[in-house]
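The structure appears right after this line, and notes come after that.
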2 protein chains.
Amino acid sequence: MDKISLDHGSGGVASQELLSGIFLKHLTSPVLYTLEDSALLEEHAGRIAFSTDSFVGDPLFFPGGNIGMLAVNGTINNLAMRGAMPLALGLGVIIEEGFSVAALDRIIRSVAEASVSAGVAVVTGDTRVVQKGRMDGICINTSGIGLVAHGEEISGAGAMPGDIVILSGTLAEHGIALLTNRSGTTQCSAGYRSDTQPLHCLIQSVIEEFPCSVHALRDPTRGGLATSLVWIASSSGVGIEILEETLPIRQEVREACAREDCDPLYLENKGMCILICAPEDAGDILAVMRSMPTGKDAVIVGSVSAEPVGEVTLTGSGGNKRSLGPLAGIP
Amino acid sequence: MDKISLDHGSGGVASQELLSGIFLKHLTSPVLYTLEDSALLEEHAGRIAFSTDSFVGDPLFFPGGNIGMLAVNGTINNLAMRGAMPLALGLGVIIEEGFSVAALDRIIRSVAEASVSAGVAVVTGDTRVVQKGRMDGICINTSGIGLVAHGEEISGAGAMPGDIVILSGTLAEHGIALLTNRSGTTQCSAGYRSDTQPLHCLIQSVIEEFPCSVHALRDPTRGGLATSLVWIASSSGVGIEILEETLPIRQEVREACAREDCDPLYLENKGMCILICAPEDAGDILAVMRSMPTGKDAVIVGSVSAEPVGEVTLTGSGGNKRSLGPLAGIP
């Protein structure tokens, strides 16, 4: 077989062939292998974090990754942003009739590699096939569950006046990799690559060493840093002040943003997060983050104030201030 | 707004409007309302069941239901088939640019109604919008988690020789409702309606009264009854014998299947299940099932044998036997 057919989604013989030939070849969790309607996990005590995320592949393959890797890391990061240790993933795949089996194989292999690399197994899944023309290629949903340690209350609503704002990595890498790749104005070899990576180990390291010191977490995906900061300020009922000159934006990314006429503060990130923590631990937390590969570029970029509530203020190097709003329209 | 635009998927201002205007209007769980990257549930001890399922709406609205209701009940039933009590649902929605806001509102209202009716809240979600032509309308993924009582080991691999096979309701109702609706050969008013309904309360009632007596469960969705029975026989390493004349197929459904030239044993069901249990409790379990609205048509249809392994045998009223295979091709 070199193309997916409607038979592959029938639930019958051909579906079994697709499952065995591609999905179970790469995804080797013994729990998934039983092909039950749902996965049954071992006994766990604790608060469960639960998340779902959809990926439509625009494009499916891009510098630094593909939709499969993105789907795994995206849901792992959604769980990590509540301070959860991810436990297991669910994979829902909808495929267009006629889709290349080789491309599907490559994507599912990438799902498996990202899952093994993060140490979080795909334990349940579902595959549908739709008629040609009813979908553009493939779309993936990843759901995930995780466990949250006792006492941790990390959410977008947890930022407190006096807290310090840390970014775990450089900004706009994913967004600019997609934009330059799409517009063809910049060569991929110029070093624009998606930053897709899982952040749960970074966050767990911080939490284990500084329990209850992390007050808020958010990975600034769609809408970018500005939209996520506004959301935190509004949810927490605080103001946030950011110093523009501290923002970690690589020179190449700055230049590409200028060429593409877009603002890096509104571009998507896929492997960095905003971490807001108690001021007394900020320096030590930063040191822990920088000691890990996924947090090596971490920096302090600002602080939380009591007022103005819901506002994010960007202070330039000359002292000029401007208020950041959430994304309006499409970047 | 009367049509979905790409803005609605940007993650910015318009996305918030879509969330508030439709999703949070209908889905009222306080956990969902926080719009965090993942939902955080209360402390639970026990084994977690975890499932994911995708729905592409072919069609979106049909006699007896729509894609929203189907997505909620489908995932609840996936959990119920492991003996799990569903705890929470995740909702991933991908929408085509230009999709009718009124249709979306109707679908999400139906998700909410099914969720309230089943007593299982949608606690986390995700919405994407794709460019016009890149998807046909809408597709939905529902993931779900549940808890399994200590000692219950229900799976497709649990059927044992001597066990009794019960069907919880009449066959092929969903499949024939879709077929007759699509082909237009039969009027909807003739009484063809999807059987979509959640089965978790039915299963929980049986398990509570007869702990560890239910050995296998499966809802025969894609591939129908025959494919599910073959899967159980093969997974459990047993044979299954079914008495044809006991199969609960309504006369109207039989007639429609004859007209549409299709076999009801291979048509999809969305609100009934195969329950395989210890013979000594079968009569009492049947009585419990029949006492509930979702199991009122339950009947014993066969039994499990040691051999031939992996085979499902259908015995006709004249004693003639034929072997049932899994679905080949598309029904």
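The chains in the structure tokens are called A, B, ... from first to last as shown; in each chain the residues are counted from 1, and the ligands are counted from 1 in the order shown.
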For chain B against chain A, which residues fall within 8 Å using only C-alpha atoms, given as a PyMOL selection string? chain B and resi 6-7+10-14+36-56+78-79+81-82+90-94+124-128+130+133-136+141+143+155-156+218+222-223+227+326-330
Test item, strand (DSSP E or B) assignment across range 261-321 of chain A, answer as a list in words: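 Going through range 261-321 of chain A, the strand (DSSP E or B) residues come out as Ile274, Leu275, Ile276, Cys277, Val299, Ile300, Val301, Gly302, Ser303, Val304, Ser305, Val312, Thr313, Leu314, Thr315 and Lys321 of chain A.
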Dump as a JSON list (two decimals), in the first residue's frame, selection limited to N, CA and C atoms:
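Result file selection_4.json:
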```json
[["chain", "number", "residue", "atom", "x", "y", "z"],
["A", 274, "ILE", "N", 6.72, 31.04, 30.01],
["A", 274, "ILE", "CA", 6.76, 32.13, 30.99],
["A", 274, "ILE", "C", 6.65, 31.47, 32.37],
["A", 275, "LEU", "N", 7.60, 31.76, 33.24],
["A", 275, "LEU", "CA", 7.55, 31.23, 34.61],
["A", 275, "LEU", "C", 7.54, 32.41, 35.56],
["A", 276, "ILE", "N", 6.53, 32.47, 36.40],
["A", 276, "ILE", "CA", 6.42, 33.58, 37.36],
["A", 276, "ILE", "C", 6.55, 33.01, 38.76],
["A", 277, "CYS", "N", 7.50, 33.57, 39.52],
["A", 277, "CYS", "CA", 7.82, 32.94, 40.81],
["A", 277, "CYS", "C", 8.05, 33.97, 41.91],
["A", 299, "VAL", "N", 16.02, 33.79, 31.12],
["A", 299, "VAL", "CA", 16.38, 35.12, 31.64],
["A", 299, "VAL", "C", 15.20, 35.72, 32.40],
["A", 300, "ILE", "N", 15.54, 36.61, 33.30],
["A", 300, "ILE", "CA", 14.51, 37.41, 33.98],
["A", 300, "ILE", "C", 14.16, 38.58, 33.06],
["A", 301, "VAL", "N", 12.86, 38.77, 32.82],
["A", 301, "VAL", "CA", 12.46, 39.84, 31.89],
["A", 301, "VAL", "C", 11.55, 40.88, 32.52],
["A", 302, "GLY", "N", 11.12, 40.66, 33.77],
["A", 302, "GLY", "CA", 10.22, 41.65, 34.34],
["A", 302, "GLY", "C", 9.69, 41.24, 35.69],
["A", 303, "SER", "N", 8.66, 41.94, 36.11],
["A", 303, "SER", "CA", 8.09, 41.68, 37.43],
["A", 303, "SER", "C", 6.59, 41.95, 37.45],
["A", 304, "VAL", "N", 5.98, 41.53, 38.53],
["A", 304, "VAL", "CA", 4.54, 41.65, 38.68],
["A", 304, "VAL", "C", 4.24, 42.78, 39.67],
["A", 305, "SER", "N", 3.24, 43.59, 39.33],
["A", 305, "SER", "CA", 2.86, 44.70, 40.21],
["A", 305, "SER", "C", 1.38, 44.56, 40.59],
["A", 312, "VAL", "N", -0.28, 44.88, 30.73],
["A", 312, "VAL", "CA", 1.11, 44.50, 30.53],
["A", 312, "VAL", "C", 1.84, 45.70, 29.93],
["A", 313, "THR", "N", 2.87, 46.16, 30.64],
["A", 313, "THR", "CA", 3.60, 47.35, 30.20],
["A", 313, "THR", "C", 4.99, 46.96, 29.74],
["A", 314, "LEU", "N", 5.35, 47.42, 28.55],
["A", 314, "LEU", "CA", 6.68, 47.15, 28.02],
["A", 314, "LEU", "C", 7.50, 48.44, 28.15],
["A", 315, "THR", "N", 8.60, 48.37, 28.88],
["A", 315, "THR", "CA", 9.44, 49.55, 29.08],
["A", 315, "THR", "C", 10.66, 49.45, 28.19],
["A", 321, "LYS", "N", 7.34, 53.83, 27.77],
["A", 321, "LYS", "CA", 6.47, 52.70, 28.12],
["A", 321, "LYS", "C", 5.34, 52.57, 27.10]]
```
Residues of range 170-327 of chain B in alpha helix (DSSP H) according to DSSP, as a ChimeraX atom specification? /B:173-183,200-209,224-236,251-260,279-290
Set the distance at 9 Å and use only C-alpha atoms: which residues neighbour Phe62 in chain A once local chain neighbours fewer than 6 positions away are removed? I'd like the list as a list in words.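 Skipping anything fewer than 6 positions along the chain leaves Ala177, Leu178, Asn181, Arg193 and Ser194 of chain A.
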Can you spit out the residues from that selection as a PDB file, in the first residue's frame, using all heavy atoms?
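Writing the result to again.pdb gives the following:
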```
ATOM      1  N   ALA A 177      10.276  30.485  12.032  1.00  0.00           N
ATOM      2  CA  ALA A 177      10.665  29.339  11.199  1.00  0.00           C
ATOM      3  C   ALA A 177       9.554  29.021  10.205  1.00  0.00           C
ATOM      4  O   ALA A 177       9.812  28.752   9.025  1.00  0.00           O
ATOM      5  CB  ALA A 177      10.968  28.118  12.069  1.00  0.00           C
ATOM      6  N   LEU A 178       8.303  29.083  10.678  1.00  0.00           N
ATOM      7  CA  LEU A 178       7.179  28.814   9.776  1.00  0.00           C
ATOM      8  C   LEU A 178       7.023  29.918   8.739  1.00  0.00           C
ATOM      9  O   LEU A 178       6.819  29.645   7.560  1.00  0.00           O
ATOM     10  CB  LEU A 178       5.880  28.679  10.585  1.00  0.00           C
ATOM     11  CG  LEU A 178       5.383  27.250  10.768  1.00  0.00           C
ATOM     12  CD1 LEU A 178       6.412  26.387  11.481  1.00  0.00           C
ATOM     13  CD2 LEU A 178       4.068  27.229  11.524  1.00  0.00           C
ATOM     14  N   ASN A 181       9.867  29.912   6.180  1.00  0.00           N
ATOM     15  CA  ASN A 181       9.737  28.711   5.366  1.00  0.00           C
ATOM     16  C   ASN A 181       8.604  28.878   4.358  1.00  0.00           C
ATOM     17  O   ASN A 181       8.720  28.504   3.197  1.00  0.00           O
ATOM     18  CB  ASN A 181       9.435  27.521   6.282  1.00  0.00           C
ATOM     19  CG  ASN A 181       9.384  26.206   5.540  1.00  0.00           C
ATOM     20  OD1 ASN A 181      10.290  25.884   4.788  1.00  0.00           O
ATOM     21  ND2 ASN A 181       8.332  25.443   5.749  1.00  0.00           N
ATOM     22  N   ARG A 193      14.678  27.567  12.917  1.00  0.00           N
ATOM     23  CA  ARG A 193      14.135  26.247  13.221  1.00  0.00           C
ATOM     24  C   ARG A 193      13.124  26.377  14.342  1.00  0.00           C
ATOM     25  O   ARG A 193      13.311  27.177  15.258  1.00  0.00           O
ATOM     26  CB  ARG A 193      15.256  25.309  13.691  1.00  0.00           C
ATOM     27  CG  ARG A 193      16.251  24.920  12.612  1.00  0.00           C
ATOM     28  CD  ARG A 193      17.418  24.167  13.237  1.00  0.00           C
ATOM     29  NE  ARG A 193      16.999  22.910  13.834  1.00  0.00           N
ATOM     30  CZ  ARG A 193      16.822  21.794  13.136  1.00  0.00           C
ATOM     31  NH1 ARG A 193      17.028  21.773  11.843  1.00  0.00           N
ATOM     32  NH2 ARG A 193      16.452  20.687  13.745  1.00  0.00           N
ATOM     33  N   SER A 194      12.078  25.590  14.268  1.00  0.00           N
ATOM     34  CA  SER A 194      11.108  25.564  15.362  1.00  0.00           C
ATOM     35  C   SER A 194      11.824  25.199  16.659  1.00  0.00           C
ATOM     36  O   SER A 194      12.781  24.420  16.664  1.00  0.00           O
ATOM     37  CB  SER A 194      10.027  24.522  15.083  1.00  0.00           C
ATOM     38  OG  SER A 194       9.239  24.334  16.238  1.00  0.00           O
TER      39      SER A 194
END
```
What's around Asp105 in chain A at 10 Å? Count only C-alpha atoms, leave out sequence neighbours fewer than 5 positions away in its own chain, and write the answer as number ranges by chain. A: 21-23, 25-26, 100, 110-111
What is the distance, in Å and to one decimal place, between CA of Asp2 in chain B and CA of Ala103 in chain B?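 Distance between the two atoms: 9.6 Å.
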Mind checking which residues fall within 10 Å of Glu252 in chain B, counting only C-alpha atoms, ignoring those fewer than 4 positions away in the same chain, and posting them as an MDAnalysis selection string? chainID B and resid 173 176 190:192 256:258
To one decimal in Å, tell me the separation between CA of Thr170 in chain B and CA of Ala149 in chain B.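 Between CA of Thr170 in chain B and CA of Ala149 in chain B the gap is 28.3 Å.
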Give me the residues near Leu60 in chain B as a ChimeraX atom specification, where near means some atom within 9 Å (using only C-alpha atoms) and where sequence neighbours in that chain fewer than 5 positions away do not count. /B:65-68,107,137-138
Separation of CA of Ala306 in chain A and CA of Gly239 in chain A, in Å?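 Between CA of Ala306 in chain A and CA of Gly239 in chain A the gap is 5.8 Å.
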If we count only C-alpha atoms, what is near Gly98 in chain A at a cut-off of 8 Å, once residues fewer than 4 positions away on the same chain are taken out, given as a list of chain:residue names?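 Those residues are A:Lys3, A:Ile4, A:Ser5, A:Lys132.
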Emit the selected residues as an mmCIF file, in the first residue's frame, including N, CA and C atoms.
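What landed in again20.cif:
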```cif
data_model
loop_
_atom_site.group_PDB
_atom_site.id
_atom_site.type_symbol
_atom_site.label_atom_id
_atom_site.label_comp_id
_atom_site.auth_asym_id
_atom_site.auth_seq_id
_atom_site.Cartn_x
_atom_site.Cartn_y
_atom_site.Cartn_z
ATOM 1 N N LYS A 3 -0.937 4.444 -0.588
ATOM 2 C CA LYS A 3 -1.892 5.518 -0.285
ATOM 3 C C LYS A 3 -2.914 4.998 0.725
ATOM 4 N N ILE A 4 -3.365 5.896 1.596
ATOM 5 C CA ILE A 4 -4.422 5.535 2.538
ATOM 6 C C ILE A 4 -5.757 5.453 1.786
ATOM 7 N N SER A 5 -6.528 4.399 2.059
ATOM 8 C CA SER A 5 -7.841 4.254 1.433
ATOM 9 C C SER A 5 -8.930 4.309 2.505
ATOM 10 N N LYS A 132 -11.541 11.690 0.144
ATOM 11 C CA LYS A 132 -10.640 12.653 -0.493
ATOM 12 C C LYS A 132 -11.352 13.995 -0.645
#
```
Among listed residues B:Val120, B:Cys201, B:Ile240, B:Ile95, nearest Leu27 in chain B (using only C-alpha atoms):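 Selected residue with least distance to Leu27 in chain B: B:Val120.
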Pick from A:Ser115, A:Met69, A:Leu202, A:Glu260 nearest to Ser291 in chain A, counting only C-alpha atoms: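 Selected residue with least distance to Ser291 in chain A: A:Leu202.
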